[in-house]
Each structure stands twice: as structure tokens, then as C-alpha cells.
Amino acid sequence: MKKIIWISISLLLLLILAVIFLWNRIFGYPTLDQAVQSNWKTAVKIVNTDQENELVLYLDETQYVFAAYEQKYSRFHVDADTESGWSASSDLGPAFLVVAEPKNNKGNFMWGALYSDIPIAKIRIEYIHGETQEVKPKNNTFIVKMPLTYQKVDHLGLMETISNVHAIDAGNKVIQSWNPH
């Protein structure tokens, strides 16, 4: 009988220790920063978020990573399977990264970054059918849901829907443009 009690207590203590050590993994992290960092061994920095669509853009050295997160009961989860990372370089002016992809089962999004210390006042996106979107960037990055016209385009064709993307300064001068064609 004493052996059964001893085994039961040991198993209970082991279960309690496992829950304590895995609490954040199971129930989420108290901040989005902690949830993002939990998937990385190197330090990463959040540079932009879309709280409405629960999307986050963060920087790992020179690579930008776009991911979906989930917030439940004031706790955050970032699914590593949703992460997509890209970097850019250029011989002609600052590198300009532009990516279009579906995310978080909430539609097709475009995101990007200008690798420059020159502050961007706005991003102007021109699509192949004449639509235009303007986005206010944050930390020289942007996240935007693509227009309804492009929500049914499959992942492989999304980049082909873009005509031009322009990073524009406060004086309305184009700092850098990106053209996929």
C-alpha cells in the first residue's frame, strides 16, 4: 500500500513539474514579444503588427519574418508553421522587400520592408487592374490586406497581381520602387 501511495505522489509531483515548465507552451505567453521569441534561439525584434488580423512582422538580424499569432484570454501563441522569412539586397539604392501571401486563414496579405534609415511616410501599392492602396508604414515596414479583387488569387499567382510598390518620404519623393516584372 505504501508503495502505491509513493508512486502516486511521485507521478503527481512529476505532472505538476511538467505543467510548471511547459505552462507557457501549453497556455500561451503573457506578451506577444515572449511568444515570438519562444520559437527562436537568437534575439528577434517585433517591427510591425496587425492586431485585427493577428499578424506580426519581426526582424531576425537581416531577415524579416511574417507570422500569424493567436491571442486567447490575454495569452499569446505564435505558430512556427505560419512563419515565412525573407531578406533582400540591392546594388541600386536601398533594398526593398515585398512579399504577397495568404496568412492565418484571413485572406491574402502583402508585407515588406525598406532596408534604409530614411523614414518612409507611406507605401503606395499599384495593382495590375489599376487599383491603388496607400499604407502608413511602421519602422519602415508594412502589412496590408490585399483588395477584395485579389482575395481569390492562389498563393502562386499573388506576386503577379502587383504592378509597382513605392516607398515614399514625407516630401512625397519616391525613395525606392519595387517592380516584379
# chains A, B, ... in the order shown; residues from 1 in each chain; ligands from 1

$ closest_atom_pairs --of "region 9-122 of chain A" --to "region 133-147 of chain A" --cutoff "8 Å" --atoms "only C-alpha atoms" --output "Markdown table"
| residue | atom | partner | partner_atom | distance |
| --- | --- | --- | --- | --- |
| A:Val47 | CA | A:Asn139 | CA | 6.0 |
| A:Asn48 | CA | A:Lys138 | CA | 6.1 |
| A:Thr49 | CA | A:Ile143 | CA | 7.6 |
| A:Asp50 | CA | A:Ile143 | CA | 6.9 |
| A:Leu57 | CA | A:Ile143 | CA | 8.0 |
| A:Gly107 | CA | A:Lys145 | CA | 7.2 |
| A:Asn108 | CA | A:Met146 | CA | 5.8 |
| A:Phe109 | CA | A:Lys145 | CA | 4.3 |
| A:Met110 | CA | A:Val144 | CA | 5.4 |
| A:Trp111 | CA | A:Ile143 | CA | 4.3 |
| A:Gly112 | CA | A:Phe142 | CA | 5.5 |
| A:Ala113 | CA | A:Thr141 | CA | 4.2 |
| A:Leu114 | CA | A:Asn140 | CA | 5.6 |
| A:Tyr115 | CA | A:Asn140 | CA | 7.6 |
| A:Ser116 | CA | A:Asn140 | CA | 7.6 |
| A:Pro119 | CA | A:Asn140 | CA | 6.4 |
| A:Ile120 | CA | A:Asn140 | CA | 5.8 |
| A:Ala121 | CA | A:Lys136 | CA | 6.5 |
| A:Lys122 | CA | A:Lys136 | CA | 4.8 |

$ residues_around --residues "Glu131 (chain A)" --least-positions-apart "3" --cutoff "12 Å" --atoms "only C-alpha atoms" --output "list of chain:residue names"
A:Arg124, A:Ile125, A:Glu126, A:Tyr127, A:Ile128, A:Glu134, A:Met146, A:Pro147, A:Leu148, A:Thr149, A:Tyr150, A:Thr161, A:Ile162, A:Ser163, A:Asn164, A:Val165

$ write_last_selection --atoms "N, CA, C and O atoms" --output "compact mmCIF listing (two decimals), in the first residue's frame"
# COMPACT_ATOMS: atom_id res chain seq x y z
N ARG A 124 2.92 53.15 -51.42
CA ARG A 124 1.85 53.15 -52.42
C ARG A 124 1.99 51.87 -53.26
O ARG A 124 3.04 51.62 -53.85
N ILE A 125 0.92 51.09 -53.27
CA ILE A 125 0.89 49.82 -53.99
C ILE A 125 -0.02 49.98 -55.21
O ILE A 125 -1.16 50.42 -55.07
N GLU A 126 0.50 49.62 -56.37
CA GLU A 126 -0.28 49.67 -57.61
C GLU A 126 -0.45 48.24 -58.11
O GLU A 126 0.53 47.50 -58.24
N TYR A 127 -1.70 47.87 -58.38
CA TYR A 127 -2.01 46.52 -58.85
C TYR A 127 -2.23 46.52 -60.36
O TYR A 127 -2.45 47.57 -60.97
N ILE A 128 -2.23 45.33 -60.95
CA ILE A 128 -2.30 45.20 -62.41
C ILE A 128 -3.63 45.66 -62.99
O ILE A 128 -3.68 46.05 -64.15
N GLU A 134 -2.72 52.81 -50.37
CA GLU A 134 -1.67 53.53 -49.64
C GLU A 134 -1.68 53.03 -48.21
O GLU A 134 -2.74 52.88 -47.61
N MET A 146 -4.70 42.63 -48.98
CA MET A 146 -4.86 42.97 -50.39
C MET A 146 -6.34 43.23 -50.70
O MET A 146 -7.22 42.70 -50.01
N PRO A 147 -6.64 44.04 -51.73
CA PRO A 147 -8.03 44.33 -52.08
C PRO A 147 -8.84 43.06 -52.38
O PRO A 147 -8.28 42.02 -52.75
N LEU A 148 -10.14 43.18 -52.24
CA LEU A 148 -11.07 42.07 -52.43
C LEU A 148 -10.86 41.38 -53.78
O LEU A 148 -10.96 40.15 -53.87
N THR A 149 -10.53 42.14 -54.81
CA THR A 149 -10.30 41.59 -56.15
C THR A 149 -9.26 40.48 -56.13
O THR A 149 -9.33 39.54 -56.92
N TYR A 150 -8.29 40.56 -55.22
CA TYR A 150 -7.17 39.61 -55.20
C TYR A 150 -7.26 38.58 -54.07
O TYR A 150 -6.32 37.83 -53.85
N THR A 161 0.02 39.91 -59.35
CA THR A 161 -1.06 40.90 -59.30
C THR A 161 -0.54 42.30 -59.01
O THR A 161 -1.27 43.27 -59.10
N ILE A 162 0.75 42.39 -58.65
CA ILE A 162 1.34 43.68 -58.26
C ILE A 162 2.02 44.30 -59.47
O ILE A 162 2.81 43.65 -60.15
N SER A 163 1.73 45.58 -59.70
CA SER A 163 2.38 46.31 -60.77
C SER A 163 3.62 47.04 -60.26
O SER A 163 4.70 46.90 -60.82
N ASN A 164 3.48 47.81 -59.19
CA ASN A 164 4.58 48.56 -58.58
C ASN A 164 4.29 48.78 -57.10
O ASN A 164 3.14 48.90 -56.70
N VAL A 165 5.35 48.91 -56.33
CA VAL A 165 5.25 49.31 -54.93
C VAL A 165 6.29 50.41 -54.73
O VAL A 165 7.45 50.24 -55.11

$ atom_distance --atom1 "CA of Asp60 (chain A)" --atom2 "CA of Lys45 (chain A)"
6.8 Å

$ closest_residue --among "A:Ser87, A:Pro102, A:Leu32, A:Asp81" --to "Val153 (chain A)" --atoms "only C-alpha atoms"
A:Pro102

$ residues_around --residues "region 33-36 of chain A" --least-positions-apart "6" --cutoff "7 Å" --atoms "only C-alpha atoms" --output "list in words"
Ile46, Phe76, His77 and Val78 of chain A

$ closest_residue --among "A:Arg75, A:His181, A:His166, A:Lys106" --to "Glu54 (chain A)" --atoms "only C-alpha atoms"
A:Lys106

$ select_by_dssp --residues "region 10-176 of chain A" --states "alpha helix (DSSP H)" --output "JSON, numbers by chain"
{"A": [10, 11, 12, 13, 14, 15, 16, 17, 18, 19, 20, 21, 22, 23, 24, 25, 26, 27, 32, 33, 34, 35, 36, 37]}
